[in-house]
>>> print(open('run_33.pdb').read())   # PDB, C-alpha atoms
MODEL        1
ATOM      1  CA  MET A   1       4.780 -50.437 -20.561  1.00  0.00           C
ATOM      2  CA  ARG A   2       3.965 -49.493 -16.985  1.00  0.00           C
ATOM      3  CA  LYS A   3       6.985 -47.154 -16.758  1.00  0.00           C
ATOM      4  CA  ALA A   4       5.920 -45.238 -19.871  1.00  0.00           C
ATOM      5  CA  ALA A   5       2.411 -44.742 -18.438  1.00  0.00           C
ATOM      6  CA  ASP A   6       3.879 -43.567 -15.121  1.00  0.00           C
ATOM      7  CA  ARG A   7       6.141 -41.089 -16.928  1.00  0.00           C
ATOM      8  CA  ARG A   8       3.210 -39.704 -18.915  1.00  0.00           C
ATOM      9  CA  LEU A   9       1.189 -39.355 -15.736  1.00  0.00           C
ATOM     10  CA  VAL A  10       4.031 -37.524 -13.959  1.00  0.00           C
ATOM     11  CA  LEU A  11       4.601 -35.300 -17.002  1.00  0.00           C
ATOM     12  CA  TRP A  12       0.894 -34.539 -17.199  1.00  0.00           C
ATOM     13  CA  ALA A  13       0.767 -33.675 -13.458  1.00  0.00           C
ATOM     14  CA  LEU A  14       3.801 -31.403 -13.806  1.00  0.00           C
ATOM     15  CA  MET A  15       2.250 -29.579 -16.760  1.00  0.00           C
ATOM     16  CA  ILE A  16      -1.018 -29.043 -14.895  1.00  0.00           C
ATOM     17  CA  GLY A  17       0.918 -27.839 -11.836  1.00  0.00           C
ATOM     18  CA  TRP A  18       2.950 -25.432 -13.959  1.00  0.00           C
ATOM     19  CA  VAL A  19      -0.165 -24.002 -15.613  1.00  0.00           C
ATOM     20  CA  LEU A  20      -1.851 -23.515 -12.218  1.00  0.00           C
ATOM     21  CA  ILE A  21       1.216 -21.790 -10.766  1.00  0.00           C
ATOM     22  CA  VAL A  22       1.567 -19.465 -13.759  1.00  0.00           C
ATOM     23  CA  ARG A  23      -2.184 -18.644 -13.683  1.00  0.00           C
ATOM     24  CA  CYS A  24      -2.074 -17.929  -9.954  1.00  0.00           C
ATOM     25  CA  LEU A  25       0.996 -15.716 -10.182  1.00  0.00           C
ATOM     26  CA  SER A  26      -0.326 -13.777 -13.133  1.00  0.00           C
ATOM     27  CA  GLY A  27      -3.681 -13.359 -11.413  1.00  0.00           C
ATOM     28  CA  CYS A  28      -2.012 -11.996  -8.288  1.00  0.00           C
ATOM     29  CA  SER A  29       0.139  -9.441 -10.040  1.00  0.00           C
ATOM     30  CA  VAL A  30      -0.851  -5.847 -10.542  1.00  0.00           C
ATOM     31  CA  GLU A  31      -0.831  -4.742 -14.143  1.00  0.00           C
ATOM     32  CA  LYS A  32       1.937  -2.345 -14.991  1.00  0.00           C
ATOM     33  CA  ASP A  33       0.338   1.033 -14.697  1.00  0.00           C
ATOM     34  CA  ASP A  34       1.081   3.397 -17.539  1.00  0.00           C
ATOM     35  CA  GLY A  35       0.711   6.214 -15.002  1.00  0.00           C
ATOM     36  CA  GLU A  36      -1.682   8.224 -17.093  1.00  0.00           C
ATOM     37  CA  LYS A  37      -3.792  10.235 -14.721  1.00  0.00           C
ATOM     38  CA  VAL A  38      -7.547   9.898 -15.105  1.00  0.00           C
ATOM     39  CA  ARG A  39      -8.345  12.402 -12.334  1.00  0.00           C
ATOM     40  CA  ASP A  40      -7.083  13.777  -9.044  1.00  0.00           C
ATOM     41  CA  LEU A  41      -8.689  12.353  -5.930  1.00  0.00           C
ATOM     42  CA  GLU A  42     -10.000  14.571  -3.175  1.00  0.00           C
ATOM     43  CA  PHE A  43      -8.744  13.610   0.260  1.00  0.00           C
ATOM     44  CA  THR A  44      -8.637  14.618   3.898  1.00  0.00           C
ATOM     45  CA  VAL A  45      -5.704  14.173   6.261  1.00  0.00           C
ATOM     46  CA  VAL A  46      -7.213  12.460   9.277  1.00  0.00           C
ATOM     47  CA  GLY A  47      -6.146  13.168  12.862  1.00  0.00           C
ATOM     48  CA  ASP A  48      -5.620  10.336  15.353  1.00  0.00           C
ATOM     49  CA  GLU A  49      -9.004  10.914  16.986  1.00  0.00           C
ATOM     50  CA  GLU A  50     -10.796  10.255  13.664  1.00  0.00           C
ATOM     51  CA  VAL A  51      -8.849   7.113  12.713  1.00  0.00           C
ATOM     52  CA  PRO A  52     -10.878   3.899  13.130  1.00  0.00           C
ATOM     53  CA  GLN A  53      -9.777   2.075  16.284  1.00  0.00           C
ATOM     54  CA  GLU A  54      -8.763  -1.117  14.472  1.00  0.00           C
ATOM     55  CA  LEU A  55      -6.587   0.884  12.063  1.00  0.00           C
ATOM     56  CA  MET A  56      -5.006   2.880  14.892  1.00  0.00           C
ATOM     57  CA  LYS A  57      -3.996  -0.367  16.592  1.00  0.00           C
ATOM     58  CA  THR A  58      -2.267  -1.533  13.391  1.00  0.00           C
ATOM     59  CA  ILE A  59      -0.473   1.808  13.031  1.00  0.00           C
ATOM     60  CA  GLU A  60       0.789   1.579  16.620  1.00  0.00           C
ATOM     61  CA  GLU A  61       2.152  -1.913  15.920  1.00  0.00           C
ATOM     62  CA  LYS A  62       3.934  -0.839  12.716  1.00  0.00           C
ATOM     63  CA  LYS A  63       5.099   2.724  13.457  1.00  0.00           C
ATOM     64  CA  GLU A  64       8.625   1.746  14.539  1.00  0.00           C
ATOM     65  CA  ASN A  65       9.532   0.927  10.903  1.00  0.00           C
ATOM     66  CA  VAL A  66       8.679   2.349   7.490  1.00  0.00           C
ATOM     67  CA  PHE A  67       5.253   1.072   6.416  1.00  0.00           C
ATOM     68  CA  LYS A  68       2.565   1.560   3.794  1.00  0.00           C
ATOM     69  CA  LEU A  69      -0.935   0.208   4.103  1.00  0.00           C
ATOM     70  CA  THR A  70      -4.529   0.683   3.123  1.00  0.00           C
ATOM     71  CA  TYR A  71      -7.727   0.186   5.096  1.00  0.00           C
ATOM     72  CA  SER A  72     -11.375   0.400   4.161  1.00  0.00           C
ATOM     73  CA  ASP A  73     -14.464   0.693   6.324  1.00  0.00           C
ATOM     74  CA  GLY A  74     -16.699   0.040   3.312  1.00  0.00           C
ATOM     75  CA  GLN A  75     -17.454   3.737   2.789  1.00  0.00           C
ATOM     76  CA  ASN A  76     -14.004   5.312   2.814  1.00  0.00           C
ATOM     77  CA  LEU A  77     -10.525   4.279   1.793  1.00  0.00           C
ATOM     78  CA  TYR A  78      -7.696   5.117   4.190  1.00  0.00           C
ATOM     79  CA  ILE A  79      -4.170   5.263   2.788  1.00  0.00           C
ATOM     80  CA  ILE A  80      -1.415   5.323   5.385  1.00  0.00           C
ATOM     81  CA  THR A  81       2.297   5.985   4.991  1.00  0.00           C
ATOM     82  CA  GLY A  82       4.663   5.802   7.959  1.00  0.00           C
ATOM     83  CA  TYR A  83       8.301   6.833   7.907  1.00  0.00           C
ATOM     84  CA  GLY A  84       9.490   4.871  10.935  1.00  0.00           C
ATOM     85  CA  LYS A  85      11.536   6.093  13.865  1.00  0.00           C
ATOM     86  CA  GLN A  86      13.108   9.528  13.408  1.00  0.00           C
ATOM     87  CA  PRO A  87      15.726  11.009  15.767  1.00  0.00           C
ATOM     88  CA  SER A  88      13.565  13.945  16.877  1.00  0.00           C
ATOM     89  CA  GLY A  89      10.210  15.648  16.478  1.00  0.00           C
ATOM     90  CA  GLY A  90       9.368  18.384  14.010  1.00  0.00           C
ATOM     91  CA  TYR A  91       8.861  16.175  10.977  1.00  0.00           C
ATOM     92  CA  SER A  92       5.925  16.606   8.636  1.00  0.00           C
ATOM     93  CA  ILE A  93       4.607  14.705   5.653  1.00  0.00           C
ATOM     94  CA  ARG A  94       3.432  16.342   2.470  1.00  0.00           C
ATOM     95  CA  VAL A  95       1.112  14.698  -0.044  1.00  0.00           C
ATOM     96  CA  GLU A  96       2.677  15.411  -3.421  1.00  0.00           C
ATOM     97  CA  GLU A  97       0.003  13.632  -5.472  1.00  0.00           C
ATOM     98  CA  LEU A  98      -3.053  11.429  -5.085  1.00  0.00           C
ATOM     99  CA  TYR A  99      -4.733  10.448  -8.317  1.00  0.00           C
ATOM    100  CA  LEU A 100      -6.605   7.730 -10.132  1.00  0.00           C
ATOM    101  CA  THR A 101      -5.273   5.957 -13.217  1.00  0.00           C
ATOM    102  CA  GLU A 102      -7.096   3.393 -15.303  1.00  0.00           C
ATOM    103  CA  ASN A 103      -5.657   0.554 -13.193  1.00  0.00           C
ATOM    104  CA  SER A 104      -4.794   1.994  -9.787  1.00  0.00           C
ATOM    105  CA  ILE A 105      -4.697   4.762  -7.228  1.00  0.00           C
ATOM    106  CA  VAL A 106      -1.300   6.463  -7.072  1.00  0.00           C
ATOM    107  CA  ILE A 107      -0.025   8.270  -3.994  1.00  0.00           C
ATOM    108  CA  ASP A 108       3.228  10.117  -3.559  1.00  0.00           C
ATOM    109  CA  THR A 109       4.208  11.536  -0.168  1.00  0.00           C
ATOM    110  CA  GLU A 110       7.375  13.177   1.082  1.00  0.00           C
ATOM    111  CA  LEU A 111       8.857  13.352   4.573  1.00  0.00           C
ATOM    112  CA  GLN A 112      10.051  16.817   5.467  1.00  0.00           C
ATOM    113  CA  GLY A 113      12.537  17.322   8.273  1.00  0.00           C
ATOM    114  CA  PRO A 114      12.393  19.932  10.999  1.00  0.00           C
ATOM    115  CA  GLU A 115      12.840  23.520   9.838  1.00  0.00           C
ATOM    116  CA  SER A 116      16.296  24.914  10.561  1.00  0.00           C
ATOM    117  CA  GLY A 117      16.235  26.708  13.877  1.00  0.00           C
ATOM    118  CA  GLU A 118      13.044  24.897  14.917  1.00  0.00           C
ATOM    119  CA  GLN A 119      12.989  23.328  18.364  1.00  0.00           C
ATOM    120  CA  ALA A 120      12.526  19.713  17.330  1.00  0.00           C
ATOM    121  CA  GLY A 121      13.004  18.156  20.739  1.00  0.00           C
ATOM    122  CA  LYS A 122      15.326  15.341  21.606  1.00  0.00           C
ATOM    123  CA  GLU A 123      12.764  12.523  21.814  1.00  0.00           C
ATOM    124  CA  PRO A 124      12.384  10.258  18.780  1.00  0.00           C
ATOM    125  CA  SER A 125       9.209  10.583  16.717  1.00  0.00           C
ATOM    126  CA  TYR A 126       7.285   8.253  14.429  1.00  0.00           C
ATOM    127  CA  PRO A 127       5.787  10.363  11.634  1.00  0.00           C
ATOM    128  CA  TYR A 128       2.933   8.913   9.630  1.00  0.00           C
ATOM    129  CA  ILE A 129       0.021  10.274   7.652  1.00  0.00           C
ATOM    130  CA  VAL A 130      -3.509   8.917   7.355  1.00  0.00           C
ATOM    131  CA  ILE A 131      -5.363  10.029   4.241  1.00  0.00           C
ATOM    132  CA  LYS A 132      -9.087   9.434   3.805  1.00  0.00           C
ATOM    133  CA  THR A 133     -10.582   9.404   0.323  1.00  0.00           C
ATOM    134  CA  GLU A 134     -13.531   7.912  -1.502  1.00  0.00           C
ATOM    135  CA  PHE A 135     -13.839   4.134  -1.456  1.00  0.00           C
ATOM    136  CA  LEU A 136     -12.446   2.608  -4.639  1.00  0.00           C
ATOM    137  CA  GLU A 137     -11.461  -1.013  -5.174  1.00  0.00           C
ATOM    138  CA  ASN A 138      -8.408  -0.169  -7.282  1.00  0.00           C
ATOM    139  CA  PRO A 139      -5.027  -1.235  -5.903  1.00  0.00           C
ATOM    140  CA  VAL A 140      -2.910   1.525  -4.370  1.00  0.00           C
ATOM    141  CA  VAL A 141       0.548   2.238  -5.772  1.00  0.00           C
ATOM    142  CA  PHE A 142       2.881   4.021  -3.330  1.00  0.00           C
ATOM    143  CA  GLN A 143       5.593   6.101  -4.971  1.00  0.00           C
TER
ENDMDL
END
>>> encode(input="run_33.pdb", output="structure tokens")
Amino acid sequence: MRKAADRRLVLWALMIGWVLIVRCLSGCSVEKDDGEKVRDLEFTVVGDEEVPQELMKTIEEKKENVFKLTYSDGQNLYIITGYGKQPSGGYSIRVEELYLTENSIVIDTELQGPESGEQAGKEPSYPYIVIKTEFLENPVVFQ
């Protein structure tokens, strides 16, 4: 009799654990975005001197590798894309799109190499772009 009660208790605990895990994982996931644009977002490309100090420190720590991150100061949303170490200078980053969907903010950037014939230098570079836009709580989807 005792073994049957212990088995039911273990089974019950496992079921509760499973439900909690599934709830947590589903709560942490971002809904699949259908990609339908609600509106374009206005933005400004921010120079290093205008980047909040805390954010600049994080960029310096991450710039060696490809990275994507967001930062908010409560009034503005900063979206940052870094392309890691490149063999020379002369790289630029173009914002292809920045728009709002029903579920998220979508950003698409593209790294552009040095123009042919351009003096790119021989020192490695670490291209990244800092975009400032209106503060929204939607998750950011990097494409």
>>> atom_distance(input="run_33.pdb", atom1="CA of Val45 (chain A)", atom2="CA of Ile131 (chain A)")
4.6 Å
>>> residues_around(input="run_33.pdb", residues="Phe142 (chain A)", least_positions_apart="2", cutoff="10 Å", atoms="all atoms listed in the file", output="PyMOL selection string")
chain A and resi 68-69+79-81+98+105-109+139-140
>>> resolve_selection(input="run_33.pdb", expression="the PyMOL selection byres ((chain A and resi 127) around 10)", output="ChimeraX atom specification")
/A:63-64,66,81-86,89-93,111-112,124-126,128-129
>>> closest_residue(input="run_33.pdb", among="A:Thr133, A:Asn138, A:Ser116, A:Gln75", to="Ser104 (chain A)", atoms="only C-alpha atoms")
A:Asn138
>>> atom_distance(input="run_33.pdb", atom1="CA of Glu60 (chain A)", atom2="CA of Gly113 (chain A)")
21.3 Å
>>> closest_residue(input="run_33.pdb", among="A:Asp73, A:Glu54, A:Pro87, A:Tyr99", to="Asp40 (chain A)", atoms="all atoms listed in the file")
A:Tyr99
>>> atom_distance(input="run_33.pdb", atom1="CA of Asn76 (chain A)", atom2="CA of Thr44 (chain A)")
10.8 Å
>>> closest_residue(input="run_33.pdb", among="A:Val95, A:Gln143, A:Tyr78, A:Ser88", to="Leu55 (chain A)", atoms="all atoms listed in the file")
A:Tyr78
>>> axis_aligned_box(input="run_33.pdb", around="region 35-43 of chain A", padding_each_side="8 Å", output="lines of an AutoDock Vina configuration file")
center_x = -4.6
center_y = 10.4
center_z = -8.4
size_x = 26.7
size_y = 24.4
size_z = 33.4
>>> closest_residue(input="run_33.pdb", among="A:Glu49, A:Arg8, A:Gly74, A:Glu115", to="Glu137 (chain A)", atoms="all atoms listed in the file")
A:Gly74
>>> closest_atom_pairs(input="run_33.pdb", of="region 51-142 of chain A", to="region 36-39 of chain A", cutoff="7 Å", atoms="all atoms listed in the file", output="tab-separated table")
residue	atom	partner	partner_atom	distance
A:Tyr99	CA	A:Arg39	CA	5.7
A:Leu100	CA	A:Arg39	CA	5.5
A:Thr101	CA	A:Lys37	CA	4.8
A:Glu102	CA	A:Val38	CA	6.5
>>> closest_residue(input="run_33.pdb", among="A:Val141, A:Thr58, A:Arg7, A:Asp48", to="Glu97 (chain A)", atoms="all atoms listed in the file")
A:Val141
>>> decode(input="run_33.pdb", residues="region 38-49 of chain A", atoms="all heavy atoms", output="compact mmCIF listing (two decimals), in the first residue's frame")
# COMPACT_ATOMS: atom_id res chain seq x y z
N VAL A 38 3.85 47.00 -39.41
CA VAL A 38 2.84 47.93 -38.94
C VAL A 38 3.24 49.34 -39.37
O VAL A 38 2.44 50.09 -39.92
CB VAL A 38 2.68 47.86 -37.41
CG1 VAL A 38 1.77 48.96 -36.89
CG2 VAL A 38 2.17 46.49 -37.00
N ARG A 39 4.53 49.67 -39.13
CA ARG A 39 5.06 50.98 -39.55
C ARG A 39 6.57 50.97 -39.48
O ARG A 39 7.17 50.20 -38.73
CB ARG A 39 4.50 52.10 -38.70
CG ARG A 39 4.96 52.08 -37.25
CD ARG A 39 4.38 53.26 -36.46
NE ARG A 39 4.56 53.11 -35.05
CZ ARG A 39 5.53 53.68 -34.33
NH1 ARG A 39 6.42 54.45 -34.94
NH2 ARG A 39 5.63 53.49 -33.03
N ASP A 40 7.19 51.84 -40.27
CA ASP A 40 8.63 52.04 -40.18
C ASP A 40 8.93 52.82 -38.91
O ASP A 40 8.11 53.62 -38.45
CB ASP A 40 9.14 52.83 -41.39
CG ASP A 40 9.15 52.01 -42.66
OD1 ASP A 40 9.53 50.83 -42.59
OD2 ASP A 40 8.79 52.55 -43.72
N LEU A 41 10.10 52.59 -38.35
CA LEU A 41 10.52 53.34 -37.17
C LEU A 41 11.58 54.36 -37.57
O LEU A 41 12.49 54.05 -38.35
CB LEU A 41 11.11 52.40 -36.12
CG LEU A 41 10.13 51.43 -35.47
CD1 LEU A 41 10.87 50.49 -34.53
CD2 LEU A 41 9.03 52.18 -34.71
N GLU A 42 11.44 55.56 -37.08
CA GLU A 42 12.47 56.57 -37.30
C GLU A 42 13.64 56.25 -36.38
O GLU A 42 13.45 55.78 -35.25
CB GLU A 42 11.92 57.96 -36.99
CG GLU A 42 10.87 58.39 -37.99
CD GLU A 42 10.43 59.83 -37.77
OE1 GLU A 42 11.19 60.62 -37.16
OE2 GLU A 42 9.32 60.16 -38.20
N PHE A 43 14.85 56.54 -36.85
CA PHE A 43 16.02 56.24 -36.04
C PHE A 43 17.14 57.21 -36.37
O PHE A 43 17.13 57.90 -37.38
CB PHE A 43 16.49 54.79 -36.27
CG PHE A 43 17.00 54.53 -37.66
CD1 PHE A 43 18.35 54.67 -37.97
CD2 PHE A 43 16.14 54.11 -38.67
CE1 PHE A 43 18.82 54.42 -39.25
CE2 PHE A 43 16.59 53.85 -39.94
CZ PHE A 43 17.94 54.00 -40.24
N THR A 44 18.11 57.22 -35.48
CA THR A 44 19.33 58.01 -35.66
C THR A 44 20.51 57.08 -35.44
O THR A 44 20.50 56.28 -34.50
CB THR A 44 19.40 59.14 -34.61
OG1 THR A 44 18.22 59.93 -34.70
CG2 THR A 44 20.61 60.01 -34.81
N VAL A 45 21.52 57.17 -36.29
CA VAL A 45 22.77 56.45 -36.05
C VAL A 45 23.58 57.31 -35.09
O VAL A 45 23.83 58.48 -35.36
CB VAL A 45 23.54 56.19 -37.35
CG1 VAL A 45 24.87 55.52 -37.06
CG2 VAL A 45 22.70 55.32 -38.29
N VAL A 46 23.95 56.72 -33.97
CA VAL A 46 24.60 57.47 -32.90
C VAL A 46 26.11 57.29 -32.96
O VAL A 46 26.60 56.17 -33.10
CB VAL A 46 24.06 56.97 -31.53
CG1 VAL A 46 24.72 57.70 -30.39
CG2 VAL A 46 22.56 57.11 -31.46
N GLY A 47 26.84 58.40 -32.86
CA GLY A 47 28.30 58.36 -32.80
C GLY A 47 28.76 57.97 -31.41
O GLY A 47 28.01 58.06 -30.43
N ASP A 48 30.01 57.53 -31.30
CA ASP A 48 30.56 57.07 -30.02
C ASP A 48 30.39 58.07 -28.89
O ASP A 48 30.13 57.69 -27.75
CB ASP A 48 32.05 56.73 -30.17
CG ASP A 48 32.27 55.46 -30.97
OD1 ASP A 48 31.30 54.74 -31.25
OD2 ASP A 48 33.44 55.20 -31.32
N GLU A 49 30.52 59.35 -29.19
CA GLU A 49 30.43 60.37 -28.15
C GLU A 49 29.02 60.51 -27.58
O GLU A 49 28.85 61.03 -26.47
CB GLU A 49 30.92 61.74 -28.66
CG GLU A 49 30.13 62.31 -29.81
CD GLU A 49 30.42 61.71 -31.18
OE1 GLU A 49 31.42 60.98 -31.35
OE2 GLU A 49 29.62 61.97 -32.10
